[in-house]
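**Student:** Provided herewith: upload_32.tsv, TSV, C-alpha atoms and all ligand atoms.
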```tsv
chain	number	residue	atom	x	y	z
A	1	GLY	CA	33.84	-0.76	-25.61
A	2	PRO	CA	36.09	2.21	-24.88
A	3	THR	CA	39.61	2.46	-26.23
A	4	ILE	CA	42.07	2.46	-23.36
A	5	GLY	CA	45.77	3.11	-23.76
A	6	VAL	CA	48.59	1.55	-21.80
A	7	LEU	CA	51.61	3.82	-21.51
A	8	ALA	CA	54.23	1.62	-23.16
A	9	LEU	CA	57.56	3.27	-22.33
A	10	GLN	CA	58.53	0.64	-19.75
A	11	GLY	CA	56.96	-1.96	-17.50
A	12	ASP	CA	54.44	-4.78	-17.74
A	13	VAL	CA	52.42	-3.45	-20.65
A	14	ARG	CA	51.12	-6.72	-22.09
A	15	GLU	CA	49.49	-7.86	-18.84
A	16	HIS	CA	47.53	-4.61	-18.66
A	17	LEU	CA	46.46	-4.90	-22.30
A	18	ASP	CA	45.21	-8.44	-21.62
A	19	ALA	CA	43.32	-7.35	-18.50
A	20	LEU	CA	41.70	-4.45	-20.36
A	21	THR	CA	40.63	-6.68	-23.25
A	22	ALA	CA	39.17	-9.19	-20.78
A	23	SER	CA	37.24	-6.30	-19.20
A	24	GLY	CA	35.52	-5.29	-22.44
A	25	ALA	CA	37.81	-2.47	-23.58
A	26	THR	CA	40.06	-2.18	-26.59
A	27	GLY	CA	43.59	-1.95	-25.21
A	28	VAL	CA	46.20	-0.06	-27.26
A	29	THR	CA	49.79	0.93	-26.57
A	30	VAL	CA	50.68	4.62	-26.18
A	31	ARG	CA	54.18	5.83	-27.03
A	32	ARG	CA	53.55	9.07	-28.89
A	33	PRO	CA	51.32	12.11	-28.53
A	34	SER	CA	49.06	11.13	-31.46
A	35	GLU	CA	48.37	7.80	-29.75
A	36	LEU	CA	47.57	9.58	-26.51
A	37	ASP	CA	45.10	11.81	-28.36
A	38	ALA	CA	43.18	8.74	-29.55
A	39	VAL	CA	42.39	7.06	-26.20
A	40	ASP	CA	39.39	7.39	-23.87
A	41	GLY	CA	41.46	6.43	-20.82
A	42	LEU	CA	45.04	5.55	-19.91
A	43	VAL	CA	46.75	2.94	-17.75
A	44	ILE	CA	50.19	3.81	-16.39
A	45	PRO	CA	51.90	0.53	-15.50
A	46	GLY	CA	54.47	-0.35	-12.88
A	47	GLY	CA	58.18	-0.07	-13.57
A	48	GLU	CA	60.57	2.56	-12.31
A	49	SER	CA	58.93	5.93	-11.81
A	50	THR	CA	62.06	8.05	-12.23
A	51	THR	CA	62.95	6.23	-15.46
A	52	MET	CA	59.40	6.56	-16.74
A	53	SER	CA	59.45	10.24	-15.85
A	54	ASN	CA	62.56	10.67	-18.02
A	55	LEU	CA	61.03	8.69	-20.85
A	56	LEU	CA	57.85	10.79	-20.72
A	57	SER	CA	60.02	13.83	-21.45
A	58	VAL	CA	62.09	12.09	-24.12
A	59	PHE	CA	58.95	10.90	-25.93
A	60	ASP	CA	57.33	14.36	-25.70
A	61	LEU	CA	54.48	12.95	-23.66
A	62	LEU	CA	54.89	14.79	-20.36
A	63	GLU	CA	53.06	18.03	-21.19
A	64	PRO	CA	50.41	16.41	-23.44
A	65	LEU	CA	49.61	13.91	-20.69
A	66	ARG	CA	49.44	16.64	-18.02
A	67	ALA	CA	47.10	18.57	-20.29
A	68	ARG	CA	44.81	15.61	-20.94
A	69	LEU	CA	44.64	14.76	-17.23
A	70	LYS	CA	43.71	18.36	-16.47
A	71	ASP	CA	41.05	17.99	-19.13
A	72	GLY	CA	39.51	14.98	-17.37
A	73	LEU	CA	41.17	11.98	-19.00
A	74	PRO	CA	40.37	8.88	-16.92
A	75	ALA	CA	43.58	7.24	-15.76
A	76	TYR	CA	44.67	4.28	-13.66
A	77	GLY	CA	48.19	4.00	-12.29
A	78	SER	CA	49.69	0.87	-10.74
A	79	CYS	CA	52.74	1.16	-8.48
A	80	ALA	CA	55.16	3.41	-10.43
A	81	GLY	CA	51.99	4.62	-12.21
A	82	MET	CA	50.57	5.73	-8.85
A	83	ILE	CA	53.80	7.62	-8.16
A	84	LEU	CA	53.63	9.37	-11.53
A	85	LEU	CA	50.00	10.41	-11.04
A	86	ALA	CA	50.62	11.98	-7.61
A	87	THR	CA	50.86	15.67	-6.78
A	88	GLU	CA	53.67	15.03	-4.28
A	89	VAL	CA	56.30	12.28	-4.08
A	90	LEU	CA	58.60	11.53	-1.13
A	91	ASP	CA	61.93	9.68	-1.41
A	92	THR	CA	62.30	10.34	-5.12
A	93	ARG	CA	64.99	12.05	-7.17
A	94	PRO	CA	64.90	15.84	-7.19
A	95	ASP	CA	64.59	15.95	-10.98
A	96	ALA	CA	61.77	13.40	-11.21
A	97	GLN	CA	58.61	14.77	-12.80
A	98	HIS	CA	55.08	13.83	-11.90
A	99	LEU	CA	51.70	14.44	-13.43
A	100	ASP	CA	49.56	16.04	-10.69
A	101	GLY	CA	46.56	13.88	-11.60
A	102	LEU	CA	45.75	12.77	-8.04
A	103	ASP	CA	45.85	14.95	-4.92
A	104	ILE	CA	47.95	12.54	-2.88
A	105	THR	CA	51.38	12.37	-1.28
A	106	VAL	CA	53.12	9.10	-2.09
A	107	ARG	CA	56.25	7.62	-0.55
A	108	ARG	CA	58.35	5.52	-2.93
A	109	ASN	CA	59.68	2.11	-1.85
A	110	ALA	CA	57.77	2.70	1.37
A	111	PHE	CA	57.52	-0.84	2.72
A	112	GLY	CA	61.25	-1.15	3.32
A	113	ARG	CA	63.85	-3.72	2.37
A	114	GLN	CA	62.62	-6.65	4.46
A	115	VAL	CA	59.28	-6.57	2.71
A	116	ASP	CA	60.41	-5.43	-0.74
A	117	SER	CA	57.84	-7.73	-2.29
A	118	PHE	CA	54.87	-9.34	-0.60
A	119	GLU	CA	51.29	-10.36	-1.17
A	120	THR	CA	48.15	-9.95	0.88
A	121	ASP	CA	44.39	-10.24	0.48
A	122	LEU	CA	42.50	-7.00	0.96
A	123	GLU	CA	39.08	-5.46	0.72
A	124	PHE	CA	38.62	-3.07	-2.17
A	125	ALA	CA	35.81	-0.51	-2.23
A	126	GLY	CA	33.28	-1.34	-4.94
A	127	ILE	CA	34.50	-4.92	-5.40
A	128	ASP	CA	32.24	-7.49	-3.76
A	129	GLY	CA	32.81	-11.18	-3.21
A	130	ASP	CA	36.27	-12.64	-2.69
A	131	ALA	CA	39.03	-10.41	-1.34
A	132	VAL	CA	41.45	-8.95	-3.87
A	133	ARG	CA	44.91	-10.55	-3.95
A	134	ALA	CA	47.36	-7.65	-3.87
A	135	VAL	CA	50.94	-8.17	-5.11
A	136	PHE	CA	53.37	-5.48	-3.95
A	137	ILE	CA	56.77	-5.07	-5.65
A	138	ARG	CA	58.95	-2.29	-4.19
A	139	ALA	CA	55.69	-0.50	-3.78
A	140	PRO	CA	54.80	2.99	-2.66
A	141	TRP	CA	52.12	3.82	-0.14
A	142	VAL	CA	49.95	6.91	0.18
A	143	GLU	CA	50.78	9.19	3.13
A	144	ARG	CA	48.25	11.95	2.50
A	145	VAL	CA	44.97	12.00	0.63
A	146	GLY	CA	43.33	15.26	-0.46
A	147	ASP	CA	39.74	16.09	0.48
A	148	ASP	CA	38.38	14.84	-2.85
A	149	VAL	CA	40.24	11.54	-2.76
A	150	GLU	CA	38.46	8.33	-1.80
A	151	VAL	CA	40.46	5.56	-0.12
A	152	LEU	CA	39.70	2.28	-1.92
A	153	ALA	CA	41.95	-0.09	0.02
A	154	VAL	CA	44.32	-0.26	2.98
A	155	VAL	CA	46.78	-2.93	4.12
A	156	PRO	CA	44.69	-5.11	6.47
A	157	ALA	CA	47.31	-6.43	8.92
A	158	GLY	CA	50.99	-6.64	9.79
A	159	PRO	CA	53.55	-3.85	10.28
A	160	ALA	CA	51.99	-1.72	7.54
A	161	ALA	CA	48.39	-2.21	8.70
A	162	GLY	CA	46.20	0.72	7.75
A	163	LYS	CA	48.52	2.10	5.09
A	164	VAL	CA	46.55	3.41	2.11
A	165	VAL	CA	47.30	1.43	-1.05
A	166	ALA	CA	44.43	2.26	-3.44
A	167	VAL	CA	42.70	5.58	-4.10
A	168	ARG	CA	40.35	7.30	-6.51
A	169	GLN	CA	39.71	10.95	-7.25
A	170	GLY	CA	36.96	11.38	-9.82
A	171	VAL	CA	38.01	9.44	-12.90
A	172	VAL	CA	41.61	8.88	-11.77
A	173	MET	CA	42.51	5.83	-9.71
A	174	ALA	CA	45.70	4.22	-8.49
A	175	THR	CA	46.90	1.15	-6.65
A	176	SER	CA	50.27	0.52	-4.95
A	177	PHE	CA	49.98	-3.10	-6.07
A	178	HIS	CA	49.82	-5.01	-9.37
A	179	PRO	CA	46.38	-6.48	-10.15
A	180	GLU	CA	47.52	-7.26	-13.71
A	181	VAL	CA	49.65	-10.20	-12.50
A	182	THR	CA	46.96	-12.19	-10.67
A	183	GLY	CA	44.42	-12.95	-13.37
A	184	ASP	CA	41.71	-11.25	-11.28
A	185	ARG	CA	40.27	-8.60	-13.61
A	186	ARG	CA	38.03	-6.81	-11.13
A	187	VAL	CA	40.26	-3.78	-10.56
A	188	HIS	CA	40.65	-3.27	-14.32
A	189	GLN	CA	36.91	-3.82	-14.69
A	190	GLN	CA	36.31	-1.02	-12.19
A	191	PHE	CA	38.54	1.29	-14.24
A	192	VAL	CA	36.84	0.31	-17.52
A	193	ASN	CA	33.47	1.09	-15.88
A	194	LEU	CA	34.85	4.48	-14.83
A	195	VAL	CA	35.94	5.20	-18.41
A	196	ARG	CA	32.53	4.10	-19.74
A	197	ALA	CA	30.75	6.42	-17.31
A	198	ALA	CA	33.03	9.39	-18.09
A	201	LIG	N1	59.89	1.24	-6.85
A	201	LIG	C1	59.39	1.65	-8.13
A	201	LIG	C2	59.45	3.16	-8.27
A	201	LIG	O1	59.79	3.83	-7.36
A	201	LIG	C3	57.98	1.18	-8.36
A	201	LIG	C4	57.94	-0.33	-8.42
A	201	LIG	C5	56.88	-0.88	-9.30
A	201	LIG	O2	56.27	-0.19	-10.12
A	201	LIG	N2	56.67	-2.17	-9.20
A	201	LIG	O3	59.17	3.68	-9.29
```
What would you get if you wrote out this structure as structure tokens?

**Tutor:**
Amino acid sequence: GPTIGVLALQGDVREHLDALTASGATGVTVRRPSELDAVDGLVIPGGESTTMSNLLSVFDLLEPLRARLKDGLPAYGSCAGMILLATEVLDTRPDAQHLDGLDITVRRNAFGRQVDSFETDLEFAGIDGDAVRAVFIRAPWVERVGDDVEVLAVVPAGPAAGKVVAVRQGVVMATSFHPEVTGDRRVHQQFVNLVRAA
């Protein structure tokens, strides 16, 4: 199978490695440019996007990662990973960097205090059968999608009904939620298939 990196500066790295392995890929951690060079795809996990943005600079990964994304590296970002992959971020710190891998505008911590963390079942494009259980933790949502961006999932009901929470543009995908914590590997499987096809 393909070798897929998990950016390992912060966040729930092990869960992503496990999900990738279960999906037929070889999961490896990425902390330095030489490790980034060696992967066929990259997962950017949840965590704190402004902290991860700092760490990307400190570890000399920011420009190499931008360059590889420009070059067509398949990538999947969850939560803070979605924020980092975006072209535009609302409600962030002025000095926070992002990677311009997905033509979307994302709002950080968009669901508000009352619903800091919540779960819902949703339909996910390309995933048949049971609904996907989506776990949101201080999650962003997507406020604008570019012309080339496909919406994969929206919040089905409640105050945030219709908000876009999963997207794909070519070989780059992102979810506002954390599929790595549920044991359902189908979102990771979709990304592994994307890497295989690339
Ligand atoms: N709120 C975090 C941020 O803005 C993201 C939370 C997460 O990744 N679970 O970066």

**Student:** Do you know which residues are within 9 Å of ligand LIG 201 (chain A) using all atoms listed in the file? Can you write them as an MDAnalysis selection string?

**Tutor:** chainID A and resid 11 45:52 78:84 91:92 107:110 117 136:140 176:178

**Student:** Taking all atoms listed in the file into account, which of A:Leu65, A:Val165, A:Val43, A:Val187 comes nearest A:Thr105?

**Tutor:**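 So, comparing all the options, the nearest one is A:Val165.
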
**Student:** What's the 8 Å shell around stretch 32-41 of chain A, counting all atoms listed in the file, without same-chain residues fewer than 2 positions away, as a list in words?

**Tutor:**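 Listing them by chain and then by number gives Pro2, Thr3, Ile4, Gly5, Thr29, Val30, Val43, Phe59, Asp60, Leu61, Pro64, Leu65, Leu73, Pro74, Ala75 and Val195 of chain A.
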
**Student:** List every protein, DNA or RNA residue with an atom no more than 10 Å from (38.0, -7.4, -12.8) in the file's coordinates, counting all atoms listed in the file, and format the result as a ChimeraX atom specification.

**Tutor:** /A:19-20,22-23,127,132,179-180,183-192

**Student:** Which residue out of A:Met173, A:Leu85, A:Leu99, A:Val181 has the minimum interatomic distance to A:Glu63 when all atoms listed in the file are used?

**Tutor:**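 Using all atoms listed in the file, the shortest distance to A:Glu63 belongs to A:Leu99.
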
**Student:** Go through A:Asp100, A:Glu143, A:Asp128, A:Asp121 one by one, measure the shortest atom-to-atom distance of each to A:Gln169 using only C-alpha atoms, and give the residue with the smallest value.

**Tutor:**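 Result for the nearest residue to A:Gln169: A:Asp100.
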
**Student:** With all atoms listed in the file as the basis for distance, which of A:Val145, A:Asp130, A:Arg66, A:Thr182 is at the shortest distance from A:His16?

**Tutor:**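 Selected residue with least distance to A:His16: A:Thr182.
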
**Student:** Please indicate the distance in Å from atom CA of A:Gly77 to atom CA of A:Gly158, rounded to one decimal place.

**Tutor:**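 So the two atoms, atom CA of A:Gly77 and atom CA of A:Gly158, lie 24.7 Å apart.
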
**Student:** Just to confirm, what's the straight-line distance from atom CA of A:Val172 to atom CA of A:Val58 in Å (one decimal)?

**Tutor:**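 Going from atom CA of A:Val172 over to atom CA of A:Val58 covers 24.1 Å.
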